[in-house]
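Written out below as structure tokens is the structure these notes cover.
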Amino acid sequence: MYNCISVNIIKYILLVILLLLVSITDIKEFRIPNTILGSFMLIRSGILVYEISQKTVYINNVISTLLLVISIFIVGVLMKIVIGNGIGFGDIKLLMVVTFYMGSAKSLDIIYSSILVMGVIDLIALVLRCKTRKDAMPFAPAVLLGTIFASVLW
């Protein structure tokens, strides 16, 4: 039980670090670097191998998580086609990495919280006339706040 708790704490800390790095880049450059996302996919894969060997994560959970990652990709691509510039491929990849990192059970809470946080940020920016509806807004900071929000409250 102790190893399970320490691995989960390490996972959360690493995820927050990932989201901080990605958020800073997204705010400055409006892009999410594949190198950071790829690095964290490799790190998570290593942690996942450890979790499976310790029987703290089961293959069923991994399969359901991978199916959710594929679903996020499909829905994201469809949104990109229908909405256009409403969401970038970097945002879609970030949600896929967060889902792979956190597993299917927690990811839906994180995605919901991130969208809610983004809506609040957009609303405040529009009311304060800092941004218009046509301006680009970085999504990674909303994912960071949504992850913290979902982890603390749910």
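Note on naming: chains are A, B, ... as they come in the structure tokens, residues start from 1 per chain, ligands start from 1 in the order shown.
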
Step one, run DSSP on the backbone; step two, keep only residues of chain A assigned to helix (DSSP H, G or I); then write them as a tab-separated table (two decimals) with N, CA and C atoms, in the first residue's frame.
chain	number	residue	atom	x	y	z
A	2	TYR	N	1.97	1.22	0.75
A	2	TYR	CA	2.84	2.39	0.83
A	2	TYR	C	3.43	2.73	-0.54
A	3	ASN	N	3.89	1.70	-1.28
A	3	ASN	CA	4.45	1.95	-2.61
A	3	ASN	C	3.41	2.56	-3.53
A	4	CYS	N	2.17	2.09	-3.44
A	4	CYS	CA	1.09	2.61	-4.28
A	4	CYS	C	0.89	4.10	-4.02
A	5	ILE	N	0.91	4.47	-2.75
A	5	ILE	CA	0.70	5.88	-2.40
A	5	ILE	C	1.87	6.73	-2.91
A	6	SER	N	3.09	6.26	-2.73
A	6	SER	CA	4.23	7.06	-3.15
A	6	SER	C	4.30	7.17	-4.68
A	7	VAL	N	3.94	6.12	-5.41
A	7	VAL	CA	3.92	6.17	-6.86
A	7	VAL	C	2.85	7.17	-7.32
A	8	ASN	N	1.70	7.17	-6.69
A	8	ASN	CA	0.64	8.13	-7.06
A	8	ASN	C	1.08	9.56	-6.81
A	9	ILE	N	1.76	9.81	-5.70
A	9	ILE	CA	2.24	11.16	-5.41
A	9	ILE	C	3.26	11.58	-6.47
A	10	ILE	N	4.17	10.68	-6.81
A	10	ILE	CA	5.16	10.97	-7.85
A	10	ILE	C	4.47	11.26	-9.17
A	11	LYS	N	3.44	10.48	-9.52
A	11	LYS	CA	2.70	10.70	-10.76
A	11	LYS	C	2.07	12.09	-10.78
A	12	TYR	N	1.43	12.48	-9.70
A	12	TYR	CA	0.79	13.81	-9.64
A	12	TYR	C	1.82	14.93	-9.75
A	13	ILE	N	2.93	14.79	-9.04
A	13	ILE	CA	3.98	15.82	-9.10
A	13	ILE	C	4.51	15.94	-10.52
A	14	LEU	N	4.80	14.82	-11.17
A	14	LEU	CA	5.30	14.85	-12.54
A	14	LEU	C	4.27	15.44	-13.51
A	15	LEU	N	3.00	15.13	-13.29
A	15	LEU	CA	1.97	15.68	-14.16
A	15	LEU	C	1.87	17.20	-13.99
A	16	VAL	N	1.95	17.68	-12.77
A	16	VAL	CA	1.90	19.13	-12.54
A	16	VAL	C	3.11	19.80	-13.19
A	17	ILE	N	4.28	19.17	-13.10
A	17	ILE	CA	5.48	19.72	-13.75
A	17	ILE	C	5.27	19.78	-15.26
A	18	LEU	N	4.75	18.69	-15.84
A	18	LEU	CA	4.44	18.67	-17.28
A	18	LEU	C	3.52	19.81	-17.64
A	19	LEU	N	2.44	19.94	-16.90
A	19	LEU	CA	1.44	20.96	-17.22
A	19	LEU	C	1.98	22.38	-17.02
A	20	LEU	N	2.85	22.57	-16.03
A	20	LEU	CA	3.48	23.88	-15.86
A	20	LEU	C	4.38	24.22	-17.05
A	21	LEU	N	5.21	23.27	-17.47
A	21	LEU	CA	6.09	23.50	-18.62
A	21	LEU	C	5.29	23.79	-19.88
A	22	VAL	N	4.27	22.98	-20.10
A	22	VAL	CA	3.45	23.15	-21.30
A	22	VAL	C	2.66	24.46	-21.23
A	23	SER	N	2.17	24.81	-20.06
A	23	SER	CA	1.40	26.06	-19.90
A	23	SER	C	2.25	27.28	-20.21
A	24	ILE	N	3.47	27.29	-19.71
A	24	ILE	CA	4.36	28.43	-19.97
A	24	ILE	C	4.61	28.58	-21.46
A	25	THR	N	4.89	27.46	-22.13
A	25	THR	CA	5.13	27.50	-23.57
A	25	THR	C	3.87	27.90	-24.33
A	26	ASP	N	2.74	27.38	-23.91
A	26	ASP	CA	1.48	27.68	-24.59
A	26	ASP	C	1.12	29.17	-24.44
A	27	ILE	N	1.37	29.73	-23.27
A	27	ILE	CA	1.09	31.16	-23.05
A	27	ILE	C	2.01	32.02	-23.91
A	28	LYS	N	3.30	31.67	-23.95
A	28	LYS	CA	4.27	32.48	-24.68
A	28	LYS	C	4.18	32.31	-26.19
A	29	GLU	N	4.00	31.07	-26.65
A	29	GLU	CA	4.14	30.78	-28.08
A	29	GLU	C	2.87	30.23	-28.74
A	34	ASN	N	5.95	18.89	-28.82
A	34	ASN	CA	5.86	17.43	-28.87
A	34	ASN	C	6.95	16.77	-28.03
A	35	THR	N	8.11	17.43	-27.90
A	35	THR	CA	9.19	16.83	-27.13
A	35	THR	C	8.80	16.65	-25.66
A	36	ILE	N	8.11	17.63	-25.11
A	36	ILE	CA	7.67	17.52	-23.71
A	36	ILE	C	6.61	16.43	-23.58
A	37	LEU	N	5.64	16.44	-24.50
A	37	LEU	CA	4.57	15.44	-24.45
A	37	LEU	C	5.14	14.03	-24.63
A	38	GLY	N	6.06	13.88	-25.59
A	38	GLY	CA	6.66	12.56	-25.82
A	38	GLY	C	7.47	12.08	-24.64
A	39	SER	N	8.22	13.00	-24.02
A	39	SER	CA	9.01	12.64	-22.84
A	39	SER	C	8.11	12.12	-21.72
A	40	PHE	N	7.00	12.79	-21.52
A	40	PHE	CA	6.10	12.37	-20.44
A	40	PHE	C	5.36	11.09	-20.78
A	41	MET	N	5.15	10.83	-22.06
A	41	MET	CA	4.56	9.53	-22.45
A	41	MET	C	5.54	8.40	-22.09
A	42	LEU	N	6.83	8.63	-22.33
A	42	LEU	CA	7.84	7.62	-21.99
A	42	LEU	C	7.93	7.44	-20.48
A	43	ILE	N	7.93	8.54	-19.74
A	43	ILE	CA	7.98	8.46	-18.28
A	43	ILE	C	6.77	7.69	-17.76
A	44	ARG	N	5.58	8.04	-18.27
A	44	ARG	CA	4.36	7.36	-17.82
A	44	ARG	C	4.39	5.89	-18.17
A	45	SER	N	4.94	5.55	-19.34
A	45	SER	CA	5.03	4.14	-19.73
A	45	SER	C	5.89	3.37	-18.74
A	46	GLY	N	7.00	3.98	-18.31
A	46	GLY	CA	7.84	3.33	-17.31
A	46	GLY	C	7.13	3.14	-15.98
A	47	ILE	N	6.42	4.17	-15.54
A	47	ILE	CA	5.66	4.07	-14.29
A	47	ILE	C	4.56	3.01	-14.43
A	48	LEU	N	3.94	2.96	-15.60
A	48	LEU	CA	2.87	1.99	-15.84
A	48	LEU	C	3.39	0.56	-15.77
A	49	VAL	N	4.56	0.31	-16.34
A	49	VAL	CA	5.17	-1.02	-16.25
A	49	VAL	C	5.39	-1.38	-14.78
A	50	TYR	N	5.88	-0.44	-14.00
A	50	TYR	CA	6.08	-0.68	-12.57
A	50	TYR	C	4.74	-0.97	-11.88
A	51	GLU	N	3.72	-0.16	-12.18
A	51	GLU	CA	2.41	-0.35	-11.55
A	51	GLU	C	1.82	-1.72	-11.90
A	52	ILE	N	1.96	-2.13	-13.15
A	52	ILE	CA	1.45	-3.45	-13.56
A	52	ILE	C	2.22	-4.55	-12.84
A	53	SER	N	3.53	-4.39	-12.71
A	53	SER	CA	4.33	-5.42	-12.03
A	53	SER	C	3.98	-5.50	-10.55
A	59	ILE	N	-4.53	-4.73	-16.41
A	59	ILE	CA	-4.59	-4.62	-17.87
A	59	ILE	C	-5.93	-4.05	-18.32
A	60	ASN	N	-7.03	-4.40	-17.65
A	60	ASN	CA	-8.36	-3.86	-18.01
A	60	ASN	C	-8.34	-2.34	-17.95
A	61	ASN	N	-7.71	-1.79	-16.92
A	61	ASN	CA	-7.63	-0.33	-16.77
A	61	ASN	C	-6.80	0.28	-17.89
A	62	VAL	N	-5.73	-0.38	-18.25
A	62	VAL	CA	-4.87	0.12	-19.32
A	62	VAL	C	-5.63	0.12	-20.65
A	63	ILE	N	-6.36	-0.95	-20.91
A	63	ILE	CA	-7.13	-1.04	-22.16
A	63	ILE	C	-8.21	0.03	-22.20
A	64	SER	N	-8.93	0.23	-21.10
A	64	SER	CA	-9.98	1.26	-21.10
A	64	SER	C	-9.36	2.66	-21.25
A	65	THR	N	-8.20	2.87	-20.68
A	65	THR	CA	-7.52	4.16	-20.83
A	65	THR	C	-7.09	4.38	-22.28
A	66	LEU	N	-6.53	3.35	-22.91
A	66	LEU	CA	-6.12	3.48	-24.31
A	66	LEU	C	-7.32	3.72	-25.23
A	67	LEU	N	-8.44	3.08	-24.93
A	67	LEU	CA	-9.66	3.33	-25.71
A	67	LEU	C	-10.13	4.77	-25.54
A	68	LEU	N	-10.02	5.30	-24.34
A	68	LEU	CA	-10.40	6.70	-24.11
A	68	LEU	C	-9.43	7.65	-24.83
A	69	VAL	N	-8.15	7.33	-24.84
A	69	VAL	CA	-7.17	8.15	-25.56
A	69	VAL	C	-7.52	8.19	-27.05
A	70	ILE	N	-7.85	7.03	-27.62
A	70	ILE	CA	-8.25	6.97	-29.03
A	70	ILE	C	-9.53	7.76	-29.26
A	71	SER	N	-10.47	7.67	-28.34
A	71	SER	CA	-11.73	8.42	-28.46
A	71	SER	C	-11.48	9.93	-28.42
A	72	ILE	N	-10.58	10.36	-27.54
A	72	ILE	CA	-10.25	11.79	-27.46
A	72	ILE	C	-9.64	12.25	-28.78
A	73	PHE	N	-8.79	11.42	-29.36
A	73	PHE	CA	-8.20	11.77	-30.65
A	73	PHE	C	-9.28	11.93	-31.72
A	74	ILE	N	-10.19	10.97	-31.80
A	74	ILE	CA	-11.25	11.01	-32.82
A	74	ILE	C	-12.15	12.22	-32.61
A	75	VAL	N	-12.61	12.43	-31.38
A	75	VAL	CA	-13.47	13.58	-31.08
A	75	VAL	C	-12.72	14.89	-31.34
A	76	GLY	N	-11.46	14.94	-30.97
A	76	GLY	CA	-10.66	16.14	-31.19
A	76	GLY	C	-10.50	16.48	-32.66
A	77	VAL	N	-10.24	15.46	-33.46
A	77	VAL	CA	-10.11	15.68	-34.91
A	77	VAL	C	-11.44	16.13	-35.50
A	78	LEU	N	-12.53	15.51	-35.05
A	78	LEU	CA	-13.86	15.93	-35.54
A	78	LEU	C	-14.15	17.38	-35.13
A	79	MET	N	-13.78	17.74	-33.90
A	79	MET	CA	-13.98	19.14	-33.46
A	79	MET	C	-13.14	20.08	-34.30
A	80	LYS	N	-11.91	19.68	-34.59
A	80	LYS	CA	-11.03	20.51	-35.41
A	80	LYS	C	-11.62	20.71	-36.80
A	81	ILE	N	-12.23	19.68	-37.35
A	81	ILE	CA	-12.86	19.77	-38.67
A	81	ILE	C	-14.10	20.66	-38.62
A	82	VAL	N	-14.95	20.46	-37.62
A	82	VAL	CA	-16.22	21.19	-37.53
A	82	VAL	C	-16.01	22.63	-37.07
A	83	ILE	N	-15.25	22.81	-36.00
A	83	ILE	CA	-15.09	24.14	-35.41
A	83	ILE	C	-13.97	24.92	-36.09
A	89	PHE	N	-4.26	21.05	-32.45
A	89	PHE	CA	-3.83	19.66	-32.30
A	89	PHE	C	-2.96	19.47	-31.07
A	90	GLY	N	-2.23	20.51	-30.69
A	90	GLY	CA	-1.45	20.43	-29.45
A	90	GLY	C	-2.34	20.24	-28.24
A	91	ASP	N	-3.48	20.91	-28.23
A	91	ASP	CA	-4.44	20.76	-27.13
A	91	ASP	C	-5.00	19.33	-27.10
A	92	ILE	N	-5.29	18.80	-28.27
A	92	ILE	CA	-5.80	17.42	-28.37
A	92	ILE	C	-4.75	16.45	-27.85
A	93	LYS	N	-3.51	16.63	-28.28
A	93	LYS	CA	-2.42	15.75	-27.82
A	93	LYS	C	-2.22	15.87	-26.32
A	94	LEU	N	-2.33	17.09	-25.79
A	94	LEU	CA	-2.18	17.29	-24.35
A	94	LEU	C	-3.26	16.52	-23.58
A	95	LEU	N	-4.49	16.60	-24.04
A	95	LEU	CA	-5.57	15.86	-23.38
A	95	LEU	C	-5.34	14.35	-23.48
A	96	MET	N	-4.78	13.90	-24.60
A	96	MET	CA	-4.47	12.47	-24.75
A	96	MET	C	-3.39	12.05	-23.75
A	97	VAL	N	-2.35	12.87	-23.59
A	97	VAL	CA	-1.27	12.56	-22.64
A	97	VAL	C	-1.79	12.57	-21.21
A	98	VAL	N	-2.60	13.57	-20.86
A	98	VAL	CA	-3.16	13.64	-19.51
A	98	VAL	C	-4.03	12.41	-19.24
A	99	THR	N	-4.81	11.99	-20.23
A	99	THR	CA	-5.64	10.80	-20.08
A	99	THR	C	-4.78	9.56	-19.88
A	100	PHE	N	-3.74	9.41	-20.70
A	100	PHE	CA	-2.84	8.27	-20.55
A	100	PHE	C	-2.17	8.30	-19.18
A	101	TYR	N	-1.84	9.48	-18.71
A	101	TYR	CA	-1.16	9.66	-17.44
A	101	TYR	C	-2.07	9.32	-16.26
A	102	MET	N	-3.31	9.81	-16.30
A	102	MET	CA	-4.19	9.70	-15.14
A	102	MET	C	-5.13	8.49	-15.17
A	104	SER	N	-8.47	6.32	-17.21
A	104	SER	CA	-9.79	6.70	-17.71
A	104	SER	C	-10.72	7.22	-16.61
A	105	ALA	N	-10.60	6.73	-15.40
A	105	ALA	CA	-11.53	7.13	-14.34
A	105	ALA	C	-11.40	8.62	-14.00
A	106	LYS	N	-10.19	9.10	-13.87
A	106	LYS	CA	-9.95	10.49	-13.46
A	106	LYS	C	-9.97	11.47	-14.63
A	107	SER	N	-9.67	10.98	-15.83
A	107	SER	CA	-9.50	11.86	-16.98
A	107	SER	C	-10.76	12.62	-17.37
A	108	LEU	N	-11.89	11.98	-17.28
A	108	LEU	CA	-13.12	12.67	-17.66
A	108	LEU	C	-13.41	13.84	-16.72
A	109	ASP	N	-13.11	13.66	-15.44
A	109	ASP	CA	-13.23	14.77	-14.48
A	109	ASP	C	-12.28	15.91	-14.84
A	110	ILE	N	-11.06	15.55	-15.22
A	110	ILE	CA	-10.06	16.55	-15.57
A	110	ILE	C	-10.47	17.30	-16.83
A	111	ILE	N	-10.94	16.58	-17.83
A	111	ILE	CA	-11.36	17.23	-19.08
A	111	ILE	C	-12.53	18.16	-18.83
A	112	TYR	N	-13.51	17.68	-18.08
A	112	TYR	CA	-14.68	18.52	-17.75
A	112	TYR	C	-14.24	19.77	-16.99
A	113	SER	N	-13.39	19.60	-15.99
A	113	SER	CA	-12.91	20.73	-15.19
A	113	SER	C	-12.11	21.71	-16.05
A	114	SER	N	-11.30	21.19	-16.96
A	114	SER	CA	-10.48	22.05	-17.82
A	114	SER	C	-11.36	22.89	-18.73
A	115	ILE	N	-12.39	22.28	-19.30
A	115	ILE	CA	-13.31	23.03	-20.17
A	115	ILE	C	-14.04	24.09	-19.36
A	116	LEU	N	-14.45	23.74	-18.15
A	116	LEU	CA	-15.12	24.70	-17.27
A	116	LEU	C	-14.19	25.87	-16.93
A	117	VAL	N	-12.96	25.57	-16.56
A	117	VAL	CA	-11.98	26.62	-16.24
A	117	VAL	C	-11.73	27.50	-17.46
A	118	MET	N	-11.59	26.90	-18.65
A	118	MET	CA	-11.36	27.67	-19.87
A	118	MET	C	-12.54	28.60	-20.14
A	119	GLY	N	-13.75	28.10	-19.92
A	119	GLY	CA	-14.94	28.94	-20.10
A	119	GLY	C	-14.94	30.14	-19.18
A	120	VAL	N	-14.56	29.93	-17.93
A	120	VAL	CA	-14.50	31.03	-16.96
A	120	VAL	C	-13.41	32.03	-17.36
A	121	ILE	N	-12.25	31.53	-17.75
A	121	ILE	CA	-11.16	32.42	-18.18
A	121	ILE	C	-11.60	33.23	-19.40
A	122	ASP	N	-12.20	32.56	-20.38
A	122	ASP	CA	-12.68	33.26	-21.58
A	122	ASP	C	-13.70	34.33	-21.23
A	123	LEU	N	-14.64	33.98	-20.36
A	123	LEU	CA	-15.69	34.92	-19.97
A	123	LEU	C	-15.09	36.15	-19.30
A	124	ILE	N	-14.17	35.94	-18.39
A	124	ILE	CA	-13.52	37.06	-17.70
A	124	ILE	C	-12.76	37.93	-18.70
A	125	ALA	N	-12.01	37.29	-19.61
A	125	ALA	CA	-11.25	38.05	-20.61
A	125	ALA	C	-12.17	38.85	-21.52
A	126	LEU	N	-13.32	38.29	-21.87
A	126	LEU	CA	-14.27	39.01	-22.72
A	126	LEU	C	-14.91	40.17	-21.97
A	127	VAL	N	-15.31	39.94	-20.73
A	127	VAL	CA	-15.95	41.00	-19.94
A	127	VAL	C	-14.98	42.15	-19.68
A	140	ALA	N	-3.59	25.07	-22.33
A	140	ALA	CA	-2.81	24.31	-21.35
A	140	ALA	C	-2.95	24.84	-19.91
A	141	PRO	N	-2.98	26.16	-19.68
A	141	PRO	CA	-3.18	26.62	-18.30
A	141	PRO	C	-4.53	26.17	-17.72
A	142	ALA	N	-5.55	26.11	-18.57
A	142	ALA	CA	-6.86	25.63	-18.11
A	142	ALA	C	-6.78	24.15	-17.76
A	143	VAL	N	-5.99	23.38	-18.51
A	143	VAL	CA	-5.81	21.95	-18.20
A	143	VAL	C	-5.07	21.81	-16.87
A	144	LEU	N	-4.07	22.65	-16.65
A	144	LEU	CA	-3.35	22.63	-15.37
A	144	LEU	C	-4.31	22.91	-14.21
A	145	LEU	N	-5.06	24.00	-14.30
A	145	LEU	CA	-6.01	24.33	-13.24
A	145	LEU	C	-7.12	23.29	-13.12
A	146	GLY	N	-7.60	22.79	-14.26
A	146	GLY	CA	-8.63	21.76	-14.24
A	146	GLY	C	-8.14	20.47	-13.59
A	147	THR	N	-6.88	20.13	-13.81
A	147	THR	CA	-6.30	18.93	-13.20
A	147	THR	C	-6.21	19.09	-11.69
A	148	ILE	N	-5.74	20.25	-11.26
A	148	ILE	CA	-5.64	20.51	-9.81
A	148	ILE	C	-7.05	20.51	-9.20
A	149	PHE	N	-7.96	21.19	-9.84
A	149	PHE	CA	-9.35	21.27	-9.38
A	149	PHE	C	-9.97	19.88	-9.26
A	150	ALA	N	-9.82	19.07	-10.31
A	150	ALA	CA	-10.42	17.73	-10.31
A	150	ALA	C	-9.73	16.81	-9.30
A	151	SER	N	-8.45	16.97	-9.12
A	151	SER	CA	-7.71	16.11	-8.18
A	151	SER	C	-8.05	16.43	-6.74
A	152	VAL	N	-8.30	17.71	-6.46
A	152	VAL	CA	-8.61	18.11	-5.09
A	152	VAL	C	-10.08	17.83	-4.75
A	153	LEU	N	-10.99	18.13	-5.67
A	153	LEU	CA	-12.41	18.04	-5.36
A	153	LEU	C	-13.06	16.70	-5.65

- Message: So the first atom is atom CA of Lys134 of chain A and the second is atom CA of Arg31 of chain A; what is the distance between them in Å, to one decimal place?
- Response: 17.2 Å

- Item | Å distance separating atom CA of Gly103 of chain A from atom CA of Pro33 of chain A, one decimal place |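 Separation between atom CA of Gly103 of chain A and atom CA of Pro33 of chain A: 21.9 Å.
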
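Between atom CA of Cys130 of chain A and atom CA of Gly88 of chain A there is a distance of 21.1 Å.
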